[in-house]
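Below: final34.pdb (PDB, C-alpha atoms and all ligand atoms)
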```pdb
ATOM      1  CA  MET A   1      27.511  90.101 122.404
ATOM      2  CA  PRO A   2      27.612  93.478 120.626
ATOM      3  CA  ALA A   3      30.807  95.486 121.067
ATOM      4  CA  GLN A   4      29.155  98.322 122.989
ATOM      5  CA  LYS A   5      28.045  95.913 125.737
ATOM      6  CA  ASP A   6      31.604  94.824 126.531
ATOM      7  CA  THR A   7      33.280  96.736 129.254
ATOM      8  CA  ILE A   8      35.998  94.359 130.350
ATOM      9  CA  LEU A   9      37.269  91.410 128.328
ATOM     10  CA  ALA A  10      38.366  88.316 130.270
ATOM     11  CA  ILE A  11      40.414  86.195 127.887
ATOM     12  CA  SER A  12      41.208  82.631 128.877
ATOM     13  CA  SER A  13      43.775  80.878 126.718
ATOM     14  CA  SER A  14      44.159  77.416 128.209
ATOM     15  CA  PRO A  15      42.674  74.521 126.282
ATOM     16  CA  ARG A  16      41.584  73.191 129.701
ATOM     17  CA  ARG A  17      38.095  74.359 130.573
ATOM     18  CA  HIS A  18      38.142  75.257 134.280
ATOM     19  CA  GLY A  19      41.898  74.767 134.319
ATOM     20  CA  ASN A  20      44.101  76.587 136.811
ATOM     21  CA  SER A  21      44.558  79.842 134.910
ATOM     22  CA  GLU A  22      40.852  79.951 134.034
ATOM     23  CA  LEU A  23      39.862  79.408 137.680
ATOM     24  CA  LEU A  24      42.113  82.253 138.797
ATOM     25  CA  LEU A  25      40.610  84.389 136.065
ATOM     26  CA  GLN A  26      37.118  83.520 137.312
ATOM     27  CA  PHE A  27      37.953  84.734 140.824
ATOM     28  CA  PHE A  28      39.459  87.910 139.364
ATOM     29  CA  VAL A  29      36.320  88.442 137.251
ATOM     30  CA  ARG A  30      34.053  87.877 140.253
ATOM     31  CA  ALA A  31      35.671  90.896 141.912
ATOM     32  CA  LEU A  32      35.164  93.036 138.800
ATOM     33  CA  GLU A  33      31.495  92.071 138.644
ATOM     34  CA  LYS A  34      31.016  92.723 142.362
ATOM     35  CA  LYS A  35      32.218  96.261 141.651
ATOM     36  CA  GLY A  36      29.494  96.599 139.036
ATOM     37  CA  LEU A  37      31.594  96.129 135.911
ATOM     38  CA  ASN A  38      30.300  94.254 132.900
ATOM     39  CA  VAL A  39      32.661  91.428 131.919
ATOM     40  CA  SER A  40      32.646  89.368 128.731
ATOM     41  CA  SER A  41      34.534  86.095 128.702
ATOM     42  CA  ILE A  42      36.342  84.752 125.670
ATOM     43  CA  ARG A  43      37.984  81.303 125.445
ATOM     44  CA  VAL A  44      40.680  81.538 122.775
ATOM     45  CA  ASN A  45      40.725  77.764 122.325
ATOM     46  CA  ASP A  46      37.084  77.897 121.191
ATOM     47  CA  LEU A  47      37.743  80.526 118.523
ATOM     48  CA  ASN A  48      38.258  79.574 114.942
ATOM     49  CA  ILE A  49      41.423  81.539 114.249
ATOM     50  CA  ARG A  50      44.405  81.046 111.994
ATOM     51  CA  PRO A  51      47.936  82.191 112.749
ATOM     52  CA  CYS A  52      49.097  85.450 111.140
ATOM     53  CA  GLN A  53      50.272  84.682 107.598
ATOM     54  CA  ALA A  54      52.612  87.709 107.416
ATOM     55  CA  CYS A  55      50.979  88.622 104.107
ATOM     56  CA  ASP A  56      51.503  92.332 104.909
ATOM     57  CA  SER A  57      48.105  93.324 103.488
ATOM     58  CA  CYS A  58      47.497  95.115 106.780
ATOM     59  CA  ALA A  59      50.493  97.387 106.114
ATOM     60  CA  LYS A  60      48.310  99.197 103.552
ATOM     61  CA  THR A  61      44.963  99.065 105.336
ATOM     62  CA  GLY A  62      45.468  98.361 109.033
ATOM     63  CA  GLU A  63      42.975  95.523 108.619
ATOM     64  CA  CYS A  64      43.484  91.764 108.665
ATOM     65  CA  ILE A  65      42.307  89.966 105.550
ATOM     66  CA  LEU A  66      41.808  86.609 107.289
ATOM     67  CA  LYS A  67      38.072  86.165 107.610
ATOM     68  CA  ASP A  68      37.733  84.221 110.825
ATOM     69  CA  ASP A  69      36.652  84.805 114.426
ATOM     70  CA  MET A  70      39.274  87.519 114.969
ATOM     71  CA  GLN A  71      37.072  89.847 112.943
ATOM     72  CA  SER A  72      34.579  89.924 115.803
ATOM     73  CA  ILE A  73      37.348  90.279 118.399
ATOM     74  CA  TYR A  74      38.981  93.476 117.027
ATOM     75  CA  PRO A  75      35.970  95.758 117.646
ATOM     76  CA  ARG A  76      35.533  94.312 121.127
ATOM     77  CA  VAL A  77      39.168  95.083 122.015
ATOM     78  CA  ALA A  78      38.728  98.557 120.523
ATOM     79  CA  ALA A  79      35.592  99.171 122.614
ATOM     80  CA  ALA A  80      36.575  97.587 125.945
ATOM     81  CA  ARG A  81      37.762  99.669 128.893
ATOM     82  CA  ALA A  82      40.126  96.955 130.057
ATOM     83  CA  MET A  83      41.277  93.445 129.367
ATOM     84  CA  VAL A  84      42.681  90.578 131.405
ATOM     85  CA  LEU A  85      44.607  87.780 129.723
ATOM     86  CA  ALA A  86      45.073  84.404 131.429
ATOM     87  CA  SER A  87      47.521  81.778 130.238
ATOM     88  CA  PRO A  88      49.153  78.550 131.349
ATOM     89  CA  ILE A  89      52.930  78.554 130.967
ATOM     90  CA  TYR A  90      53.920  76.307 128.058
ATOM     91  CA  PHE A  91      57.637  75.727 127.401
ATOM     92  CA  GLY A  92      58.479  78.835 129.350
ATOM     93  CA  THR A  93      56.061  81.130 127.577
ATOM     94  CA  LEU A  94      52.384  81.779 126.753
ATOM     95  CA  SER A  95      50.037  79.076 125.475
ATOM     96  CA  GLY A  96      50.214  78.686 121.692
ATOM     97  CA  GLN A  97      46.560  79.681 121.568
ATOM     98  CA  LEU A  98      47.304  83.053 123.132
ATOM     99  CA  LYS A  99      50.389  83.643 120.987
ATOM    100  CA  ILE A 100      48.318  83.104 117.832
ATOM    101  CA  PHE A 101      45.691  85.522 119.182
ATOM    102  CA  ILE A 102      48.353  88.142 119.950
ATOM    103  CA  ASP A 103      50.101  87.770 116.579
ATOM    104  CA  ARG A 104      46.804  88.515 114.878
ATOM    105  CA  PHE A 105      47.127  92.064 116.234
ATOM    106  CA  GLN A 106      49.895  92.676 113.715
ATOM    107  CA  CYS A 107      47.287  94.720 111.811
ATOM    108  CA  TRP A 108      46.995  96.973 114.876
ATOM    109  CA  TRP A 109      50.790  97.285 114.958
ATOM    110  CA  GLN A 110      50.726  98.375 111.310
ATOM    111  CA  ALA A 111      47.855 100.771 111.973
ATOM    112  CA  LYS A 112      49.779 102.346 114.858
ATOM    113  CA  TYR A 113      53.339 102.464 113.595
ATOM    114  CA  GLN A 114      53.126 102.494 109.793
ATOM    115  CA  LEU A 115      49.787 104.146 109.082
ATOM    116  CA  LYS A 116      49.786 106.392 112.186
ATOM    117  CA  LYS A 117      46.130 105.573 112.724
ATOM    118  CA  PRO A 118      46.019 103.561 115.945
ATOM    119  CA  LYS A 119      42.805 101.688 116.700
ATOM    120  CA  VAL A 120      43.139 102.707 120.348
ATOM    121  CA  THR A 121      45.061 105.641 121.817
ATOM    122  CA  LEU A 122      46.852 105.820 125.152
ATOM    123  CA  GLU A 123      44.675 108.798 126.068
ATOM    124  CA  MET A 124      41.673 106.440 126.174
ATOM    125  CA  GLY A 125      43.246 104.980 129.311
ATOM    126  CA  LYS A 126      42.486 101.324 128.618
ATOM    127  CA  LEU A 127      44.078  98.900 131.070
ATOM    128  CA  GLY A 128      45.575  95.418 130.731
ATOM    129  CA  TYR A 129      46.218  92.691 133.300
ATOM    130  CA  PHE A 130      47.979  89.336 132.972
ATOM    131  CA  ILE A 131      47.488  86.077 134.880
ATOM    132  CA  SER A 132      49.652  82.981 134.430
ATOM    133  CA  VAL A 133      50.079  79.583 136.045
ATOM    134  CA  GLY A 134      52.940  77.145 135.627
ATOM    135  CA  ALA A 135      54.000  73.794 137.072
ATOM    136  CA  MET A 136      57.627  74.671 137.679
ATOM    137  CA  LYS A 137      58.570  76.506 140.842
ATOM    138  CA  LYS A 138      61.232  78.724 139.262
ATOM    139  CA  LYS A 139      60.182  82.356 138.945
ATOM    140  CA  GLU A 140      61.942  82.659 135.552
ATOM    141  CA  TYR A 141      59.289  80.391 134.025
ATOM    142  CA  CYS A 142      56.766  83.246 134.118
ATOM    143  CA  GLU A 143      59.019  86.032 132.949
ATOM    144  CA  ASP A 144      58.968  85.474 129.207
ATOM    145  CA  ALA A 145      55.187  85.123 129.118
ATOM    146  CA  LEU A 146      54.809  88.366 131.047
ATOM    147  CA  LYS A 147      57.252  90.102 128.715
ATOM    148  CA  ILE A 148      55.118  89.135 125.707
ATOM    149  CA  ALA A 149      51.912  90.262 127.421
ATOM    150  CA  LYS A 150      53.545  93.640 128.132
ATOM    151  CA  ILE A 151      54.675  93.979 124.502
ATOM    152  CA  TYR A 152      51.131  93.153 123.382
ATOM    153  CA  TYR A 153      49.584  95.797 125.626
ATOM    154  CA  HIS A 154      52.177  98.338 124.544
ATOM    155  CA  ASN A 155      51.513  97.694 120.857
ATOM    156  CA  ILE A 156      47.733  97.945 121.164
ATOM    157  CA  ASN A 157      47.938 101.067 123.387
ATOM    158  CA  TYR A 158      46.561  99.485 126.531
ATOM    159  CA  HIS A 159      48.319 100.486 129.750
ATOM    160  CA  TYR A 160      49.799  97.418 131.405
ATOM    161  CA  TYR A 161      48.541  97.494 134.984
ATOM    162  CA  GLY A 162      49.829  94.356 136.701
ATOM    163  CA  SER A 163      50.146  90.586 136.792
ATOM    164  CA  LEU A 164      49.700  87.501 138.899
ATOM    165  CA  CYS A 165      51.939  84.492 138.365
ATOM    166  CA  TYR A 166      51.452  81.218 140.226
ATOM    167  CA  ARG A 167      54.056  78.491 140.073
ATOM    168  CA  GLY A 168      54.198  74.891 141.236
ATOM    169  CA  ILE A 169      50.604  74.237 140.089
ATOM    170  CA  ASP A 170      50.127  71.428 137.586
ATOM    171  CA  GLU A 171      47.101  69.107 137.728
ATOM    172  CA  LYS A 172      43.844  70.479 136.424
ATOM    173  CA  GLY A 173      42.055  72.263 139.267
ATOM    174  CA  ALA A 174      45.050  72.072 141.644
ATOM    175  CA  ILE A 175      44.728  75.828 142.209
ATOM    176  CA  LEU A 176      41.507  75.129 144.150
ATOM    177  CA  LYS A 177      43.693  73.687 146.911
ATOM    178  CA  LYS A 178      45.372  77.111 147.223
ATOM    179  CA  PRO A 179      42.762  79.361 148.810
ATOM    180  CA  ASP A 180      45.373  82.084 149.263
ATOM    181  CA  ALA A 181      45.907  82.210 145.497
ATOM    182  CA  LEU A 182      42.177  82.428 144.795
ATOM    183  CA  GLN A 183      41.797  85.129 147.428
ATOM    184  CA  GLU A 184      44.714  87.056 145.930
ATOM    185  CA  ALA A 185      43.146  86.850 142.457
ATOM    186  CA  TYR A 186      39.948  88.290 143.939
ATOM    187  CA  THR A 187      41.821  91.026 145.800
ATOM    188  CA  VAL A 188      43.880  92.167 142.810
ATOM    189  CA  GLY A 189      40.662  92.010 140.751
ATOM    190  CA  GLU A 190      39.128  94.495 143.196
ATOM    191  CA  LEU A 191      42.121  96.819 142.839
ATOM    192  CA  PHE A 192      41.964  96.551 139.064
ATOM    193  CA  ALA A 193      38.235  97.341 139.138
ATOM    194  CA  GLU A 194      38.843 100.394 141.325
ATOM    195  CA  GLU A 195      41.487 101.648 138.911
ATOM    196  CA  ILE A 196      39.139 101.152 135.945
ATOM    197  CA  LEU A 197      36.324 102.938 137.741
ATOM    198  CA  SER A 198      38.597 105.850 138.660
ATOM    199  CA  ARG A 199      39.191 106.502 134.965
ATOM    200  CA  LYS A 200      36.715 108.223 132.696
ATOM    201  CA  SER A 201      34.695 105.704 130.664
ATOM    202  CA  ASN A 202      35.723 105.580 127.045
ATOM    203  CA  ALA A 203      33.918 102.411 126.018
TER     204      ALA A 203
HETATM  205  C1  LIG B 301      52.512  71.664 126.449
HETATM  206  C2  LIG B 301      52.776  72.007 127.900
HETATM  207  C3  LIG B 301      53.933  72.678 128.211
HETATM  208  C4  LIG B 301      54.183  73.063 129.530
HETATM  209  N1  LIG B 301      55.338  73.763 129.792
HETATM  210  C5  LIG B 301      55.533  74.243 131.063
HETATM  211  C6  LIG B 301      56.685  75.056 131.355
HETATM  212  O1  LIG B 301      57.527  75.319 130.507
HETATM  213  N2  LIG B 301      56.827  75.557 132.601
HETATM  214  C7  LIG B 301      55.916  75.280 133.592
HETATM  215  O2  LIG B 301      56.073  75.794 134.703
HETATM  216  N3  LIG B 301      54.813  74.504 133.356
HETATM  217  C8  LIG B 301      54.604  73.980 132.109
HETATM  218  N4  LIG B 301      53.481  73.227 131.830
HETATM  219  C9  LIG B 301      52.502  72.940 132.912
HETATM  220  C10 LIG B 301      51.320  73.929 132.917
HETATM  221  O3  LIG B 301      51.764  75.261 132.882
HETATM  222  C11 LIG B 301      50.509  73.698 134.212
HETATM  223  O4  LIG B 301      49.942  72.411 134.183
HETATM  224  C12 LIG B 301      49.433  74.730 134.448
HETATM  225  O5  LIG B 301      48.879  74.559 135.741
HETATM  226  C13 LIG B 301      48.336  74.607 133.411
HETATM  227  O6  LIG B 301      47.392  75.643 133.570
HETATM  228  P1  LIG B 301      45.888  75.472 133.031
HETATM  229  O7  LIG B 301      45.235  74.442 133.937
HETATM  230  O8  LIG B 301      45.305  76.803 133.128
HETATM  231  O9  LIG B 301      45.997  74.972 131.623
HETATM  232  C14 LIG B 301      53.231  72.763 130.543
HETATM  233  C15 LIG B 301      52.069  72.052 130.209
HETATM  234  C16 LIG B 301      51.846  71.692 128.906
HETATM  235  C17 LIG B 301      50.555  70.956 128.552
END
```
Translate the structure described by the file into structure tokens.
Ligand SMILES: Cc1cc2nc3c(=O)[nH]c(=O)nc-3n(C[C@H](O)[C@H](O)[C@H](O)COP(=O)(O)O)c2cc1C
Amino acid sequence: MPAQKDTILAISSSPRRHGNSELLLQFFVRALEKKGLNVSSIRVNDLNIRPCQACDSCAKTGECILKDDMQSIYPRVAAARAMVLASPIYFGTLSGQLKIFIDRFQCWWQAKYQLKKPKVTLEMGKLGYFISVGAMKKKEYCEDALKIAKIYYHNINYHYYGSLCYRGIDEKGAILKKPDALQEAYTVGELFAEEILSRKSNA
């Protein structure tokens, strides 16, 4: 889909298609669409992307030299009004798929901090949301993942807006037995949509 058609990016990072985090994301997205927003879905596991090689070429140009699927992602993130990331908790943090995706924004970090030419500015008012699901009941199991999502949004000049973290959910699709969780994802999706719509479009 061309960049100008994207309004909101819904980024699922579990390798499980229709896994728990992706299902929550789908309920969240349903609320955005009901409010008339255009949502594009991306499954990170389906992208052909390499991890950042720390080659530092981007320190001079602000661009990544790796010619893979990230090249079509950058303009979409630059054009979107908002983004929602969804991740399972793996070893107390984000999925590896999402961490690779995030690390590939090192070129945006360089563009912002070294070259003083950010790809997105805070004044554009772009918003970021984070959804995570983990098997363990302890609250601490979500905290590191959320911290990384916040650092990501900060570095790419998206305003972090909020998060949902569900714990004690393990088997694929187990979240479907938690109607309250699905309803909450829909409700916070509505609030997120209202916040996006209250801001001037910059996409
Ligand atoms: C490699 C791997 C590591 C995991 N590590 C954790 C963990 O540290 N904490 C936790 O709460 N759940 C952990 N889990 C369980 C998943 O977070 C859980 O099954 C979740 O519901 C998966 O979401 P998904 O269906 O969206 O992939 C792990 C699962 C896998 C496959």
Return as JSON the centre and edge lengths, in Å with one decimal, of the box along x, y and z that encloses every atom of stretch 41-45 of chain A in the file, padded by 6 Å per side.
```
{"center_x": 37.6, "center_y": 81.9, "center_z": 125.5, "size_x": 18.2, "size_y": 20.3, "size_z": 18.4}
```
Using all atoms listed in the file, which of the listed residues (A:His154, A:Lys177, A:His159, A:Lys137) sits closest to A:Leu24?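 For A:Leu24, the nearest of the candidates is A:Lys177.
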Separating atom CA of A:Met70 from atom CA of A:Tyr90, to the nearest tenth of an Å, is a gap of 22.6 Å
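Using all atoms listed in the file, the residues found no farther than 6 Å from stretch 163-171 of chain A, other than those of its own chain fewer than 6 positions away, are Tyr129, Phe130, Ile131, Ser132, Val133, Gly134, Ala135, Met136 and Lys137 of chain A.
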Would you mind listing the residues within 12 Å of ligand LIG 301 (chain B), counting only C-alpha atoms and all ligand atoms, as an MDAnalysis selection string? chainID A and resid 11:26 43 45 85:98 131:145 165:176
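Minimum distance to A:Gln71 across A:Lys99, A:Glu184, A:Ser41, A:Arg104 (counting all atoms listed in the file) occurs at A:Arg104.
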What's the 7 Å shell around A:Ala10, counting all atoms listed in the file, without same-chain residues fewer than 5 positions away, as a ChimeraX atom specification? /A:39-42,83-85
Within 10 Å of (40.2, 97.0, 139.3), all atoms listed in the file: residues as a ChimeraX atom specification? /A:28-29,31-32,35,37,82,127,129,161,186-198
With the file shown as input, list the residues that the PyMOL selection byres (((chain A and resi 103) around 10) and not hetatm) selects, as a ChimeraX atom specification. /A:50-54,98-102,104-109,152
One decimal, in Å: what's the spacing between atom CA of A:Lys147 and atom CA of A:Leu66?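 Here the two named atoms are 26.6 Å from each other.
Atom CA of A:Glu123 to atom CA of A:Ile8 spans 17.4 Å [interatomic distance, one decimal].
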Identify which of the residues A:Ile156, A:Arg81, A:Asp180, A:Ala185 lies closest to A:Arg199, counting all atoms listed in the file when measuring atom-to-atom distances. A:Arg81
Can you spell out as number ranges by chain the set of residues that the PyMOL selection byres (((chain A and resi 117) around 12) and not hetatm) selects in the structure I just provided? A: 59-63, 107-116, 118-121, 156-157
